[in-house]
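Below you'll find the structure, written out as structure tokens, and then a few comments.
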Amino acid sequence: MTAASSSTSPDFATVGSGYAAYSGGGRGRLRHDITARRVLAEIGERPARVLDVGCGDGEMVLRLAAAGHHVSGVEKSPGMLEAAAKRVAAVPEIAERVTLSEGDIYTLPFDDAAFDAVVCHGVVMYLPDSVAPIAHLARLVADGGILSVLTKNRLAVGVREALSGDYASARAQIESGQAASVGNLGITTRGDIPDHLDDLARANGLAPLPWQGVRIFHDHRTDWTPTEDEYQAALETEWVASSRSPYRELGRLVHAVARREATA
């Protein structure tokens with residue numbers, strides 16, 4: 001969740017309990033389930049070398065390792081890294097496939113083309129821009145591999161606020177087209193336009209795949225505690241809408257995926 005670069009980036013250990021509650025609730029589950037489904041489908045069944053940059057408390061690390069992949073998780077916050085280590089240790093059957101280390105998105109200590117998949121979810125929206133971070137991530141993608149970036153969707157600024165009844169804030173964001181707003185964890189986040197993320201992928205030698213909008217219909221449901229049947233129905237509805245316009249443009253988050261074409 002947090003692999004940012006400088007004193008301008010928050011230490012998510014200070015909101016760790018809030019993030020854990022979010023991940024376990026309906027809204028957080030939608031984010032994790034939709035992104036994991038897409039990433040795992042793009043990777044395929046063959047065991048892959050995966051890097052999770054900004055792994056937070058290990059949510060995606062656990063999912064990827066459980067699917068049989070070898071996962072390196074990098075996290076800037078020592079507190080979040082400790083939480084991830086505890087979660088991994090609690091599942092001994094996957095622990096041997098997981099390596100965790102403290103690190104920063106701007107100084108990743110890996111060789112070029114070292115990974116079959118590089119995932120970076122919920123990170124670049126906390127950084128000043130996406131240009132340098134995506135360049136640092138893209139160089140690590142091997143031939144045939146993918147880059148998966150989940151960040152805030154600038155196309156949907158003001159939608160959450162309007163649906164929540166905060167009309168003044170919604171109008172201000174919509175009229176200004178502002179890129180930044182305060183998220184539910186109380187931290188300012190910056191949005192990206194999906195086409196810009198695709199352009200950055202191309203600039204770094206990757207071919208963009210269709211992007212998805214994540215959490216289209218339920219982003220404003222901060223107190224949503226669905227039954228399992230309700231959640232599964234909501235998940236499948238969000239999934240089918242996530243890749244279709246005009247629905248995907250309204251997702252709070254944008255999931256941009258790109259692949260480095262294999263060379264002969």
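The way I read the labels, and the way they are meant: chains A, B, ... in the order of the structure tokens, residue 1 as the first residue of every chain, and ligand 1 as the first ligand shown, with later ones counted on from there.
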Using DSSP assignments from the backbone, pull out every residue in range 49-86 of chain A that falls under strand (DSSP E) and give it to me as a ChimeraX atom specification. /A:49-53,70-75
Emit the selected residues as an mmCIF file, in the first residue's frame, including N, CA, C and O atoms.
data_model
loop_
_atom_site.group_PDB
_atom_site.id
_atom_site.type_symbol
_atom_site.label_atom_id
_atom_site.label_comp_id
_atom_site.auth_asym_id
_atom_site.auth_seq_id
_atom_site.Cartn_x
_atom_site.Cartn_y
_atom_site.Cartn_z
ATOM 1 N N ARG A 49 7.559 -15.029 -10.945
ATOM 2 C CA ARG A 49 8.296 -14.158 -10.027
ATOM 3 C C ARG A 49 7.545 -12.835 -9.972
ATOM 4 O O ARG A 49 7.448 -12.137 -10.974
ATOM 5 N N VAL A 50 7.040 -12.504 -8.791
ATOM 6 C CA VAL A 50 6.191 -11.321 -8.655
ATOM 7 C C VAL A 50 6.795 -10.372 -7.626
ATOM 8 O O VAL A 50 7.257 -10.800 -6.562
ATOM 9 N N LEU A 51 6.771 -9.095 -7.947
ATOM 10 C CA LEU A 51 7.187 -8.049 -7.017
ATOM 11 C C LEU A 51 5.984 -7.207 -6.651
ATOM 12 O O LEU A 51 5.279 -6.707 -7.538
ATOM 13 N N ASP A 52 5.724 -7.048 -5.360
ATOM 14 C CA ASP A 52 4.653 -6.185 -4.868
ATOM 15 C C ASP A 52 5.300 -4.980 -4.203
ATOM 16 O O ASP A 52 5.881 -5.090 -3.117
ATOM 17 N N VAL A 53 5.220 -3.837 -4.863
ATOM 18 C CA VAL A 53 5.851 -2.614 -4.364
ATOM 19 C C VAL A 53 4.831 -1.808 -3.574
ATOM 20 O O VAL A 53 3.797 -1.407 -4.103
ATOM 21 N N HIS A 70 5.983 -16.914 -6.578
ATOM 22 C CA HIS A 70 7.079 -16.511 -5.695
ATOM 23 C C HIS A 70 7.054 -14.991 -5.599
ATOM 24 O O HIS A 70 7.240 -14.298 -6.603
ATOM 25 N N VAL A 71 6.835 -14.476 -4.402
ATOM 26 C CA VAL A 71 6.517 -13.067 -4.237
ATOM 27 C C VAL A 71 7.559 -12.362 -3.382
ATOM 28 O O VAL A 71 7.901 -12.819 -2.283
ATOM 29 N N SER A 72 8.048 -11.240 -3.903
ATOM 30 C CA SER A 72 8.892 -10.333 -3.128
ATOM 31 C C SER A 72 8.059 -9.106 -2.794
ATOM 32 O O SER A 72 7.554 -8.424 -3.694
ATOM 33 N N GLY A 73 7.898 -8.832 -1.523
ATOM 34 C CA GLY A 73 7.144 -7.662 -1.101
ATOM 35 C C GLY A 73 8.073 -6.593 -0.576
ATOM 36 O O GLY A 73 8.968 -6.882 0.229
ATOM 37 N N VAL A 74 7.892 -5.360 -1.031
ATOM 38 C CA VAL A 74 8.693 -4.229 -0.592
ATOM 39 C C VAL A 74 7.771 -3.185 0.020
ATOM 40 O O VAL A 74 6.733 -2.847 -0.556
ATOM 41 N N GLU A 75 8.158 -2.680 1.180
ATOM 42 C CA GLU A 75 7.310 -1.722 1.891
ATOM 43 C C GLU A 75 8.197 -0.703 2.607
ATOM 44 O O GLU A 75 9.198 -1.070 3.223
#
* Non-local contacts of range 177-194 of chain A (6 Å; only C-alpha atoms; under 4 positions in same chain excluded) as a PyMOL selection string -> chain A and resi 125-126+152-154+173
Quick one: DSSP alpha helix (DSSP H) residues in range 10-180 of chain A, as a ChimeraX atom specification? /A:16-24,26-43,59-66,78-89,92-95,131-138,159-163,167-176
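In this model, the gap between CA of Ala132 in chain A and CA of Asp116 in chain A comes to 20.5 Å.
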9 Å contact set for His69 in chain A, only C-alpha atoms, chain neighbours under 4 positions out, as a list in words: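 Those residues are Glu45, Arg46, Pro47, Ala48, Arg49, Val50, Leu64, Ala65, Arg97 and Val98 of chain A.
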**Asked** So which residues touch Cys55 in chain A within 9 Å, counting only C-alpha atoms, skipping near sequence neighbours fewer than 6 positions away, as an NGL selection string?
**Response** :A and (1-3 or 61 or 73-76 or 80-81 or 84 or 100 or 119-121)
Just the residues within 8 Å of range 243-260 of chain A, please, counting only C-alpha atoms, with nothing from its chain fewer than 4 positions along; format it as a tab-separated table (two decimals) with N, CA and C atoms, in the first residue's frame.
chain	number	residue	atom	x	y	z
A	35	THR	N	-8.85	-6.52	-8.20
A	35	THR	CA	-7.48	-6.40	-8.70
A	35	THR	C	-6.77	-7.74	-8.71
A	141	VAL	N	10.08	-5.21	-15.28
A	141	VAL	CA	9.18	-6.17	-15.92
A	141	VAL	C	9.93	-6.95	-17.00
A	142	ALA	N	9.90	-8.28	-16.89
A	142	ALA	CA	10.56	-9.14	-17.86
A	142	ALA	C	9.76	-9.23	-19.15
A	143	ASP	N	10.40	-9.74	-20.20
A	143	ASP	CA	9.70	-9.98	-21.46
A	143	ASP	C	8.48	-10.87	-21.21
A	144	GLY	N	7.35	-10.45	-21.73
A	144	GLY	CA	6.11	-11.20	-21.53
A	144	GLY	C	5.43	-10.92	-20.22
A	145	GLY	N	6.08	-10.15	-19.34
A	145	GLY	CA	5.53	-9.88	-18.02
A	145	GLY	C	4.60	-8.69	-18.00
A	146	ILE	N	3.97	-8.46	-16.86
A	146	ILE	CA	2.99	-7.38	-16.73
A	146	ILE	C	3.36	-6.39	-15.62
A	147	LEU	N	2.86	-5.18	-15.79
A	147	LEU	CA	2.88	-4.16	-14.76
A	147	LEU	C	1.44	-3.85	-14.39
A	148	SER	N	1.13	-3.90	-13.10
A	148	SER	CA	-0.22	-3.64	-12.60
A	148	SER	C	-0.17	-2.47	-11.63
A	149	VAL	N	-0.84	-1.38	-11.99
A	149	VAL	CA	-0.85	-0.17	-11.15
A	149	VAL	C	-2.30	0.17	-10.81
A	150	LEU	N	-2.57	0.26	-9.53
A	150	LEU	CA	-3.90	0.67	-9.06
A	150	LEU	C	-3.74	2.02	-8.38
A	151	THR	N	-4.50	3.00	-8.84
A	151	THR	CA	-4.40	4.33	-8.26
A	151	THR	C	-5.74	5.03	-8.35
A	152	LYS	N	-5.80	6.24	-7.87
A	152	LYS	CA	-7.04	7.01	-7.86
A	152	LYS	C	-7.39	7.46	-9.27
A	153	ASN	N	-8.67	7.40	-9.61
A	153	ASN	CA	-9.16	7.75	-10.93
A	153	ASN	C	-9.58	9.22	-10.96
A	155	LEU	N	-10.87	10.82	-13.34
A	155	LEU	CA	-12.13	11.02	-14.06
A	155	LEU	C	-13.34	11.05	-13.13
A	156	ALA	N	-13.19	10.45	-11.94
A	156	ALA	CA	-14.34	10.31	-11.04
A	156	ALA	C	-14.29	11.25	-9.85
A	157	VAL	N	-13.48	12.32	-9.92
A	157	VAL	CA	-13.44	13.24	-8.78
A	157	VAL	C	-14.84	13.80	-8.53
A	159	VAL	N	-17.47	12.21	-7.43
A	159	VAL	CA	-18.56	11.24	-7.46
A	159	VAL	C	-18.87	10.72	-6.07
A	160	ARG	N	-17.83	10.31	-5.33
A	160	ARG	CA	-18.06	9.81	-3.97
A	160	ARG	C	-18.77	10.86	-3.13
A	194	PRO	N	-6.74	7.60	-16.79
A	194	PRO	CA	-6.30	6.30	-17.33
A	194	PRO	C	-5.46	6.41	-18.60
A	197	LEU	N	-1.89	7.08	-17.79
A	197	LEU	CA	-1.19	5.90	-17.32
A	197	LEU	C	-0.81	4.99	-18.48
A	198	ASP	N	-1.70	4.85	-19.46
A	198	ASP	CA	-1.38	4.06	-20.65
A	198	ASP	C	-0.23	4.69	-21.43
A	201	ALA	N	2.98	3.87	-19.73
A	201	ALA	CA	3.37	2.49	-20.00
A	201	ALA	C	4.06	2.40	-21.36
A	205	GLY	N	8.12	1.21	-22.78
A	205	GLY	CA	8.26	-0.02	-23.54
A	205	GLY	C	7.23	-1.09	-23.28
A	206	LEU	N	6.11	-0.71	-22.66
A	206	LEU	CA	5.06	-1.67	-22.37
A	206	LEU	C	3.84	-1.40	-23.24
A	207	ALA	N	3.07	-2.43	-23.50
A	207	ALA	CA	1.85	-2.31	-24.29
A	207	ALA	C	0.65	-2.31	-23.34
A	208	PRO	N	-0.11	-1.21	-23.28
A	208	PRO	CA	-1.26	-1.16	-22.37
A	208	PRO	C	-2.32	-2.21	-22.73
A	209	LEU	N	-2.89	-2.80	-21.70
A	209	LEU	CA	-4.04	-3.67	-21.82
A	209	LEU	C	-5.27	-2.89	-21.34
A	210	PRO	N	-6.47	-3.37	-21.60
A	210	PRO	CA	-7.66	-2.61	-21.17
A	210	PRO	C	-7.65	-2.33	-19.67
A	211	TRP	N	-7.87	-1.07	-19.32
A	211	TRP	CA	-7.90	-0.71	-17.90
A	211	TRP	C	-9.30	-0.92	-17.33
A	212	GLN	N	-9.35	-1.00	-16.00
A	212	GLN	CA	-10.61	-1.22	-15.30
A	212	GLN	C	-10.88	-0.10	-14.31
A	213	GLY	N	-12.15	0.19	-14.12
A	213	GLY	CA	-12.56	1.05	-13.03
A	213	GLY	C	-12.95	0.19	-11.84
A	214	VAL	N	-12.46	0.54	-10.68
A	214	VAL	CA	-12.67	-0.29	-9.48
A	214	VAL	C	-13.51	0.47	-8.46
A	215	ARG	N	-14.53	-0.17	-7.97
A	215	ARG	CA	-15.48	0.35	-6.99
A	215	ARG	C	-16.30	1.48	-7.60
A	216	ILE	N	-17.20	1.08	-8.46
A	216	ILE	CA	-18.04	2.00	-9.21
A	216	ILE	C	-19.30	2.34	-8.44
A	217	PHE	N	-19.96	1.32	-7.92
A	217	PHE	CA	-21.28	1.49	-7.31
A	217	PHE	C	-21.26	1.54	-5.78
A	219	ASP	N	-18.45	2.82	-3.73
A	219	ASP	CA	-17.36	3.58	-3.12
A	219	ASP	C	-17.82	4.45	-1.96
A	239	TRP	N	-17.57	-6.31	-11.15
A	239	TRP	CA	-16.62	-6.90	-12.09
A	239	TRP	C	-17.06	-6.68	-13.54
- [ ] Write out as a PyMOL selection string the residues lying within 8 Å of Pro133 in chain A, counting only C-alpha atoms and excluding same-chain residues fewer than 5 positions away.
- [x] chain A and resi 105-106+124
re CA of His218 in chain A and CA of Arg38 in chain A: distance 19.0 Å
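Counting only C-alpha atoms and comparing A:Glu230, A:Ala203, A:Tyr167, A:Glu59, the residue that lies closest to Gly24 in chain A is A:Glu59.
Distance check against Ala66 in chain A using only C-alpha atoms: of A:Val39, A:Ala83, A:Ala95, A:Ala168, the minimum falls on A:Ala95.
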- When distances are computed from only C-alpha atoms, which of A:Glu228, A:Met60, A:Ala36, A:Gly54 shows the smallest separation from Pro78 in chain A?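 Once distances to Pro78 in chain A are computed over only C-alpha atoms, the minimum belongs to A:Gly54.
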Find the distance between CA of Gly68 in chain A and CA of Thr237 in chain A and write it in Å to one decimal.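 Separation between CA of Gly68 in chain A and CA of Thr237 in chain A: 27.7 Å.
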